[in-house]
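Working notes, structure below.
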Amino acid sequence: MADAVLDPNAAQTALPSTPLALAQQRLAAMPMQKKMALAGSLAMAIALLVGLLLWSRVPDYEVLFSNINDKDGGAIVAALQQANVPYKYSEGGHAILVPAQHVHDTRLKLAAQGLPRGGSVGFELMESQKLGQSQFSEQVTYQRALEGELARTIGTLAAVDGARVHLAIPKQSAFLRDDQKPSASVVVSLLGGRTLSPEQVGGIVHLVASSVPQLQPTAVSVLDQNGNLLSNNRDAKDNASLNPTQLKYVSEIEAATIRRIEGILEPLVGRGNYRVQTAADIDFNQAEQTAETYKPNPLPQTAIRSQQLSESVSNQPNAGGVPGALTNQPPAPATAPITTPPAPGTPAPAAGAQGAQAATNAAIPINSRKDSTTNYELDKTVQHVKQSVGQIKRLSVAVLVNQKVETDKDGKAVPVPLKEEEIQRITALAREAMGFNEARGDTLNVASAPFTAVAEPELDTPIWKDPETMGFARELIKYLLVAGVAAYLLLGVLRPLVRSLTAPNDTEEDEPEVRDVTLDENGQPVGSLQGGEAAQIEMSPEARAQLDFETKLGAARDYAKNDPKAVAEVIKHWVSGDE
């Protein structure tokens with residue numbers, strides 16, 4: 001037997017003073033293959049972490065322009081490349097995408113350059129006129145330019161995505177009977193879910209009609225992308241139905257009546273306990289009436305308008321006597337009865353008083369006439385009446401009031417009809433609120449009935465369909481994924497690797513008790529060790545080398561006994577000098 005003494009004062013191998021030095025020492029002691037595997041693992045971890053960071057920082061792309069023609073698309077891409085703005089195409093190639101933070105700025109810059117042009121050209125065609133161009137070519141160029149400008153103007157409307165205008169302008173003729181009026185057709189492409197109101201369609205019609213000489217609004221047709229006719233080309237005088245403006249006016253009258261009635265009923269019966277409906281009959285007829293009436297003036301207030309008075313006196317007597325030649329003779333010339341003798345056939349005046357009386361009678365006119373004409377003023381009335389459009393002819397109103405809810409003896413809620421006094425009070429208030437006019441035939445009906453609860457549909461968008469919520473969730477998942485991968489690389493890869501390089505061995509950390517141990521011929525300790533002592537034996541380098549040699553020698557002896565052929569082969573290689 002051999003005795004091996006473990007000396008506590010024996011020299012021990014010096015350990016590195018810092019973890020970094022320990023890691024360098026162990027890294028230097030590693031085989032080359034293990035070093036390469038460790039470097040590859042670190043490189044892959046770093047590359048994965050950097051890739052995730054770059055992926056998380058990739059900007060979200062939004063649509064810059066969509067459904068544009070190839071010519072505009074090429075000009076826009078060239079402008080983006082010149083401005084160093086990143087871009088990409090959608091899956092179908094129908095849209096150009098740019099980073100979200102550059103969308104509005106890029107649109108403004110491209111708009112300043114006149115992009116996109118929308119496939120239509122305007123008056124810039126007139127800038128490239130050629131010498132020797134015919135009149136027909138000039139007319140066609142002008143018509144194309146006018147169509148392009150109108151299409152651009154219509155395309156600026158909020159609901160319009162694009163427009164095309166076709167003008168039919170006939171050639172002017174010197175003969176009136178051969179003169180033809182121009183016409184126009186407009187095709188608008190509306191945005192998704194958008195529509196044009198009748199007022200907007202009328203605005204487009206009047207815009208086109210005002211841009212072309214002698215073009216009437218009734219000769220302009222407006223269609224949408226689905227081929228639906230949007231314009232109404234019928235003349236307003238021939239249109240027997242109500243136009244949109246009149247329908248809107250009727251709706252406003254009915255809505256105003258309902259608001260007035262609801263405003264008076266809400267504090268009385270409570271919100272939601274009434275329903276009001278009204279129907280208004282509006283007169284849209286245009287009528288003008290002119291009347292001229294004459295009435296006699298009363299006698300005390302007579303007024304003379306004009307008066308004419310004529311009087312005539314004649315000295316010649318009326319014709320008399322026996323008809324014949326003497327009777328038909330013209331009278332003798334007039335002579336003074338004193339100085340001139342009487343005419344033949346005239347009796348001589350008598351002397352004295354009788355003669356004077358006869359002379360006086362002869363001086364009085366024989367025949368006289370008076371005419372008087374008086375014109376009186378008449379009571380004349382001229383009346384011109386023009387009825388206003390939109391007069392209310394009749395109002396029909398229906399009011400439904402919910403019944404009251406009372407508690408019976410059993411404590412159950414029971415609906416109770418309203419009393420007659422309450423119905424009359426509500427009726428009186430509603431009559432005053434609506435402006436009830438019995439002369440024009442207005443009607444009002446108030447009734448009380450229990451309301452049936454109606455479940456209102458849920459209009460709230462589910463949280464998984466809300467675009468804002470989904471966008472926030474995607475961003476959160478992206479950052480959580482990056483954080484999870486980074487934590488795994490740090491805690492699952494780098495941390496164990498660093499600890500394996502820097503952590504001290506258990507034999508280096510523990511300082512077990514040193515004892516004298518007796519070894520047998522095979523290098524095994526003799527005797528029994530108490531629990532845990534076999535793993536805590538500390539030996540000197542010489543004793544450890546001797547123990548390793550004895551152990552290896554014993555293992556070689558056992559291997560030679562078990563496989564002598566292999567041992568003979570090894571010895572043969574030693575003898576021959578092969579390694």
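How things are named: the first chain in the structure tokens is A, the next is B, and so on; residues count from 1 in each chain; ligands count from 1 in the order shown.
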As a list in words, please: the residues near Leu115 (chain A) (cut-off 10 Å, only C-alpha atoms, same-chain neighbours under 5 positions excluded).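 Returned residues: Asp72, Gly73, Ala75, Ile76, Ala79, Arg107, Leu108, Lys109 and Leu110 of chain A.
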Residues from last step as file, N, CA and C atoms, as a JSON list (two decimals), in the first residue's frame:
[["chain", "number", "residue", "atom", "x", "y", "z"],
["A", 72, "ASP", "N", -49.94, 59.67, -65.82],
["A", 72, "ASP", "CA", -49.82, 60.37, -64.54],
["A", 72, "ASP", "C", -48.99, 59.57, -63.54],
["A", 73, "GLY", "N", -49.15, 58.24, -63.57],
["A", 73, "GLY", "CA", -48.36, 57.41, -62.65],
["A", 73, "GLY", "C", -46.87, 57.54, -62.90],
["A", 75, "ALA", "N", -45.31, 60.13, -64.23],
["A", 75, "ALA", "CA", -44.87, 61.46, -63.81],
["A", 75, "ALA", "C", -44.78, 61.57, -62.29],
["A", 76, "ILE", "N", -45.70, 60.93, -61.59],
["A", 76, "ILE", "CA", -45.66, 60.97, -60.12],
["A", 76, "ILE", "C", -44.46, 60.20, -59.58],
["A", 79, "ALA", "N", -41.37, 62.21, -60.02],
["A", 79, "ALA", "CA", -41.30, 63.29, -59.04],
["A", 79, "ALA", "C", -40.92, 62.76, -57.66],
["A", 107, "ARG", "N", -48.51, 65.25, -51.37],
["A", 107, "ARG", "CA", -49.65, 65.66, -52.20],
["A", 107, "ARG", "C", -49.61, 67.14, -52.53],
["A", 108, "LEU", "N", -49.25, 67.96, -51.55],
["A", 108, "LEU", "CA", -49.18, 69.40, -51.80],
["A", 108, "LEU", "C", -48.07, 69.73, -52.79],
["A", 109, "LYS", "N", -46.93, 69.07, -52.65],
["A", 109, "LYS", "CA", -45.83, 69.33, -53.58],
["A", 109, "LYS", "C", -46.17, 68.89, -54.99],
["A", 110, "LEU", "N", -46.83, 67.73, -55.13],
["A", 110, "LEU", "CA", -47.21, 67.27, -56.46],
["A", 110, "LEU", "C", -48.31, 68.15, -57.05]]
12 Å contact set for Arg425 (chain A), only C-alpha atoms, chain neighbours under 5 positions out, as a PyMOL selection string: chain A and resi 264-265+268-269+418-420+430-432+446
Go ahead and write the selection's residues with all heavy atoms as a PDB file, in the first residue's frame.
ATOM      1  N   ILE A 264     -93.929  71.734 -26.509  1.00  0.00           N
ATOM      2  CA  ILE A 264     -94.966  72.006 -25.507  1.00  0.00           C
ATOM      3  C   ILE A 264     -95.383  70.743 -24.774  1.00  0.00           C
ATOM      4  O   ILE A 264     -95.897  70.796 -23.649  1.00  0.00           O
ATOM      5  CB  ILE A 264     -96.186  72.684 -26.176  1.00  0.00           C
ATOM      6  CG1 ILE A 264     -97.018  73.438 -25.133  1.00  0.00           C
ATOM      7  CG2 ILE A 264     -97.046  71.667 -26.900  1.00  0.00           C
ATOM      8  CD1 ILE A 264     -96.340  74.629 -24.549  1.00  0.00           C
ATOM      9  N   LEU A 265     -95.164  69.549 -25.381  1.00  0.00           N
ATOM     10  CA  LEU A 265     -95.585  68.299 -24.740  1.00  0.00           C
ATOM     11  C   LEU A 265     -94.504  67.703 -23.849  1.00  0.00           C
ATOM     12  O   LEU A 265     -94.829  66.969 -22.901  1.00  0.00           O
ATOM     13  CB  LEU A 265     -95.979  67.268 -25.807  1.00  0.00           C
ATOM     14  CG  LEU A 265     -97.248  67.542 -26.619  1.00  0.00           C
ATOM     15  CD1 LEU A 265     -97.491  66.409 -27.590  1.00  0.00           C
ATOM     16  CD2 LEU A 265     -98.445  67.711 -25.694  1.00  0.00           C
ATOM     17  N   LEU A 268     -94.739  68.357 -20.203  1.00  0.00           N
ATOM     18  CA  LEU A 268     -96.031  67.939 -19.661  1.00  0.00           C
ATOM     19  C   LEU A 268     -96.117  66.432 -19.458  1.00  0.00           C
ATOM     20  O   LEU A 268     -96.541  65.962 -18.392  1.00  0.00           O
ATOM     21  CB  LEU A 268     -97.149  68.402 -20.596  1.00  0.00           C
ATOM     22  CG  LEU A 268     -98.589  68.099 -20.145  1.00  0.00           C
ATOM     23  CD1 LEU A 268     -98.893  68.811 -18.837  1.00  0.00           C
ATOM     24  CD2 LEU A 268     -99.575  68.512 -21.226  1.00  0.00           C
ATOM     25  N   VAL A 269     -95.697  65.639 -20.461  1.00  0.00           N
ATOM     26  CA  VAL A 269     -95.812  64.182 -20.368  1.00  0.00           C
ATOM     27  C   VAL A 269     -94.462  63.495 -20.263  1.00  0.00           C
ATOM     28  O   VAL A 269     -94.403  62.283 -20.034  1.00  0.00           O
ATOM     29  CB  VAL A 269     -96.592  63.632 -21.580  1.00  0.00           C
ATOM     30  CG1 VAL A 269     -97.997  64.204 -21.609  1.00  0.00           C
ATOM     31  CG2 VAL A 269     -95.861  63.953 -22.874  1.00  0.00           C
ATOM     32  N   LEU A 418    -105.231  58.027 -20.075  1.00  0.00           N
ATOM     33  CA  LEU A 418    -105.347  59.409 -19.620  1.00  0.00           C
ATOM     34  C   LEU A 418    -106.811  59.799 -19.488  1.00  0.00           C
ATOM     35  O   LEU A 418    -107.688  59.288 -20.189  1.00  0.00           O
ATOM     36  CB  LEU A 418    -104.658  60.339 -20.625  1.00  0.00           C
ATOM     37  CG  LEU A 418    -103.155  60.145 -20.819  1.00  0.00           C
ATOM     38  CD1 LEU A 418    -102.626  61.149 -21.837  1.00  0.00           C
ATOM     39  CD2 LEU A 418    -102.417  60.303 -19.499  1.00  0.00           C
ATOM     40  N   LYS A 419    -107.037  60.699 -18.583  1.00  0.00           N
ATOM     41  CA  LYS A 419    -108.399  61.190 -18.371  1.00  0.00           C
ATOM     42  C   LYS A 419    -108.801  62.126 -19.504  1.00  0.00           C
ATOM     43  O   LYS A 419    -107.971  62.652 -20.233  1.00  0.00           O
ATOM     44  CB  LYS A 419    -108.491  61.904 -17.027  1.00  0.00           C
ATOM     45  CG  LYS A 419    -108.178  61.003 -15.843  1.00  0.00           C
ATOM     46  CD  LYS A 419    -108.288  61.783 -14.536  1.00  0.00           C
ATOM     47  CE  LYS A 419    -107.952  60.886 -13.342  1.00  0.00           C
ATOM     48  NZ  LYS A 419    -108.040  61.617 -12.057  1.00  0.00           N
ATOM     49  N   GLU A 420    -110.118  62.329 -19.598  1.00  0.00           N
ATOM     50  CA  GLU A 420    -110.631  63.187 -20.654  1.00  0.00           C
ATOM     51  C   GLU A 420    -110.161  64.621 -20.488  1.00  0.00           C
ATOM     52  O   GLU A 420    -109.901  65.317 -21.481  1.00  0.00           O
ATOM     53  CB  GLU A 420    -112.164  63.136 -20.658  1.00  0.00           C
ATOM     54  CG  GLU A 420    -112.809  63.856 -21.815  1.00  0.00           C
ATOM     55  CD  GLU A 420    -112.474  63.217 -23.152  1.00  0.00           C
ATOM     56  OE1 GLU A 420    -112.177  62.002 -23.175  1.00  0.00           O
ATOM     57  OE2 GLU A 420    -112.499  63.951 -24.154  1.00  0.00           O
ATOM     58  N   ALA A 430    -101.760  71.629 -28.183  1.00  0.00           N
ATOM     59  CA  ALA A 430    -101.282  71.294 -29.522  1.00  0.00           C
ATOM     60  C   ALA A 430    -101.907  72.197 -30.578  1.00  0.00           C
ATOM     61  O   ALA A 430    -101.247  72.569 -31.558  1.00  0.00           O
ATOM     62  CB  ALA A 430    -101.579  69.827 -29.835  1.00  0.00           C
ATOM     63  N   ARG A 431    -103.184  72.571 -30.400  1.00  0.00           N
ATOM     64  CA  ARG A 431    -103.832  73.475 -31.360  1.00  0.00           C
ATOM     65  C   ARG A 431    -103.127  74.830 -31.401  1.00  0.00           C
ATOM     66  O   ARG A 431    -102.908  75.402 -32.466  1.00  0.00           O
ATOM     67  CB  ARG A 431    -105.305  73.664 -30.981  1.00  0.00           C
ATOM     68  CG  ARG A 431    -106.183  72.457 -31.270  1.00  0.00           C
ATOM     69  CD  ARG A 431    -107.527  72.606 -30.572  1.00  0.00           C
ATOM     70  NE  ARG A 431    -108.261  73.751 -31.098  1.00  0.00           N
ATOM     71  CZ  ARG A 431    -109.178  73.681 -32.067  1.00  0.00           C
ATOM     72  NH1 ARG A 431    -109.465  72.502 -32.615  1.00  0.00           N
ATOM     73  NH2 ARG A 431    -109.793  74.753 -32.503  1.00  0.00           N
ATOM     74  N   GLU A 432    -102.778  75.342 -30.247  1.00  0.00           N
ATOM     75  CA  GLU A 432    -102.105  76.635 -30.219  1.00  0.00           C
ATOM     76  C   GLU A 432    -100.685  76.538 -30.767  1.00  0.00           C
ATOM     77  O   GLU A 432    -100.192  77.457 -31.409  1.00  0.00           O
ATOM     78  CB  GLU A 432    -102.074  77.167 -28.784  1.00  0.00           C
ATOM     79  CG  GLU A 432    -103.452  77.441 -28.199  1.00  0.00           C
ATOM     80  CD  GLU A 432    -104.200  78.508 -28.964  1.00  0.00           C
ATOM     81  OE1 GLU A 432    -103.543  79.409 -29.536  1.00  0.00           O
ATOM     82  OE2 GLU A 432    -105.437  78.458 -29.012  1.00  0.00           O
ATOM     83  N   VAL A 446    -105.754  63.694 -31.112  1.00  0.00           N
ATOM     84  CA  VAL A 446    -104.919  63.319 -29.961  1.00  0.00           C
ATOM     85  C   VAL A 446    -105.472  62.031 -29.387  1.00  0.00           C
ATOM     86  O   VAL A 446    -106.682  61.936 -29.110  1.00  0.00           O
ATOM     87  CB  VAL A 446    -104.890  64.425 -28.899  1.00  0.00           C
ATOM     88  CG1 VAL A 446    -104.032  63.994 -27.713  1.00  0.00           C
ATOM     89  CG2 VAL A 446    -104.357  65.726 -29.497  1.00  0.00           C
TER      90      VAL A 446
END
Neighbour list for Thr290 (chain A) as a VMD selection string, cut-off 8 Å, only C-alpha atoms, skip fewer than 3 positions in-chain: chain A and resid 382 to 385
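Once Pro99 (chain A) and its same-chain neighbours fewer than 4 positions away are set aside, Pro59, Asp60, Tyr61, Glu62, Pro86, Tyr87 and Val103 of chain A remain within 8 Å of it when counting only C-alpha atoms.
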Keeping only N, CA, C and O atoms, take the residues you just selected and write them out as a PDB file, in the first residue's frame.
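File result.pdb, as written:
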ATOM      1  N   PRO A  59     -41.910  52.235 -41.491  1.00  0.00           N
ATOM      2  CA  PRO A  59     -43.077  53.126 -41.455  1.00  0.00           C
ATOM      3  C   PRO A  59     -44.280  52.478 -42.120  1.00  0.00           C
ATOM      4  O   PRO A  59     -44.164  51.634 -43.023  1.00  0.00           O
ATOM      5  N   ASP A  60     -45.465  52.896 -41.677  1.00  0.00           N
ATOM      6  CA  ASP A  60     -46.705  52.452 -42.292  1.00  0.00           C
ATOM      7  C   ASP A  60     -46.940  53.255 -43.569  1.00  0.00           C
ATOM      8  O   ASP A  60     -46.836  54.481 -43.578  1.00  0.00           O
ATOM      9  N   TYR A  61     -47.270  52.546 -44.632  1.00  0.00           N
ATOM     10  CA  TYR A  61     -47.501  53.187 -45.919  1.00  0.00           C
ATOM     11  C   TYR A  61     -48.994  53.447 -46.097  1.00  0.00           C
ATOM     12  O   TYR A  61     -49.833  52.603 -45.751  1.00  0.00           O
ATOM     13  N   GLU A  62     -49.322  54.610 -46.625  1.00  0.00           N
ATOM     14  CA  GLU A  62     -50.694  54.976 -46.940  1.00  0.00           C
ATOM     15  C   GLU A  62     -50.795  55.345 -48.419  1.00  0.00           C
ATOM     16  O   GLU A  62     -49.788  55.630 -49.076  1.00  0.00           O
ATOM     17  N   PRO A  86     -39.554  57.653 -50.389  1.00  0.00           N
ATOM     18  CA  PRO A  86     -39.765  56.214 -50.634  1.00  0.00           C
ATOM     19  C   PRO A  86     -41.211  55.943 -51.025  1.00  0.00           C
ATOM     20  O   PRO A  86     -42.138  56.592 -50.541  1.00  0.00           O
ATOM     21  N   TYR A  87     -41.396  54.969 -51.887  1.00  0.00           N
ATOM     22  CA  TYR A  87     -42.735  54.643 -52.357  1.00  0.00           C
ATOM     23  C   TYR A  87     -42.768  53.167 -52.711  1.00  0.00           C
ATOM     24  O   TYR A  87     -41.739  52.501 -52.880  1.00  0.00           O
ATOM     25  N   VAL A 103     -47.503  61.744 -46.573  1.00  0.00           N
ATOM     26  CA  VAL A 103     -48.624  61.728 -47.519  1.00  0.00           C
ATOM     27  C   VAL A 103     -49.069  63.148 -47.858  1.00  0.00           C
ATOM     28  O   VAL A 103     -49.118  63.559 -49.026  1.00  0.00           O
TER      29      VAL A 103
END
A:Val186, A:Ala168, A:Ala219, A:Val389 ranked by distance to Gln286 (chain A), top pick (using only C-alpha atoms):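 Smallest separation from Gln286 (chain A) among the options: A:Val389.
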Contacts of Ala184 (chain A) at 10 Å or less, counting only C-alpha atoms, minus same-chain residues fewer than 6 places along, as a list of chain:residue names? A:Glu147, A:Val165, A:His166, A:Leu167, A:Ala168, A:Ile169, A:Val205, A:Val208, A:Ala209, A:Val212, A:Leu215, A:Gln216, A:Pro217, A:Thr218, A:Ala219, A:Val220, A:Ser221, A:Val222
Any idea what's packed within 12 Å of region 369-378 of chain A, counting only C-alpha atoms, ignoring anything in its chain fewer than 4 positions away? Could you give it as a ChimeraX atom specification? /A:293-299,301-315,365
Go ahead and compute the interatomic distance for CA of Ser231 (chain A) and CA of Val201 (chain A), in Å to one decimal.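 Straight-line distance from CA of Ser231 (chain A) to CA of Val201 (chain A) works out to 6.2 Å.
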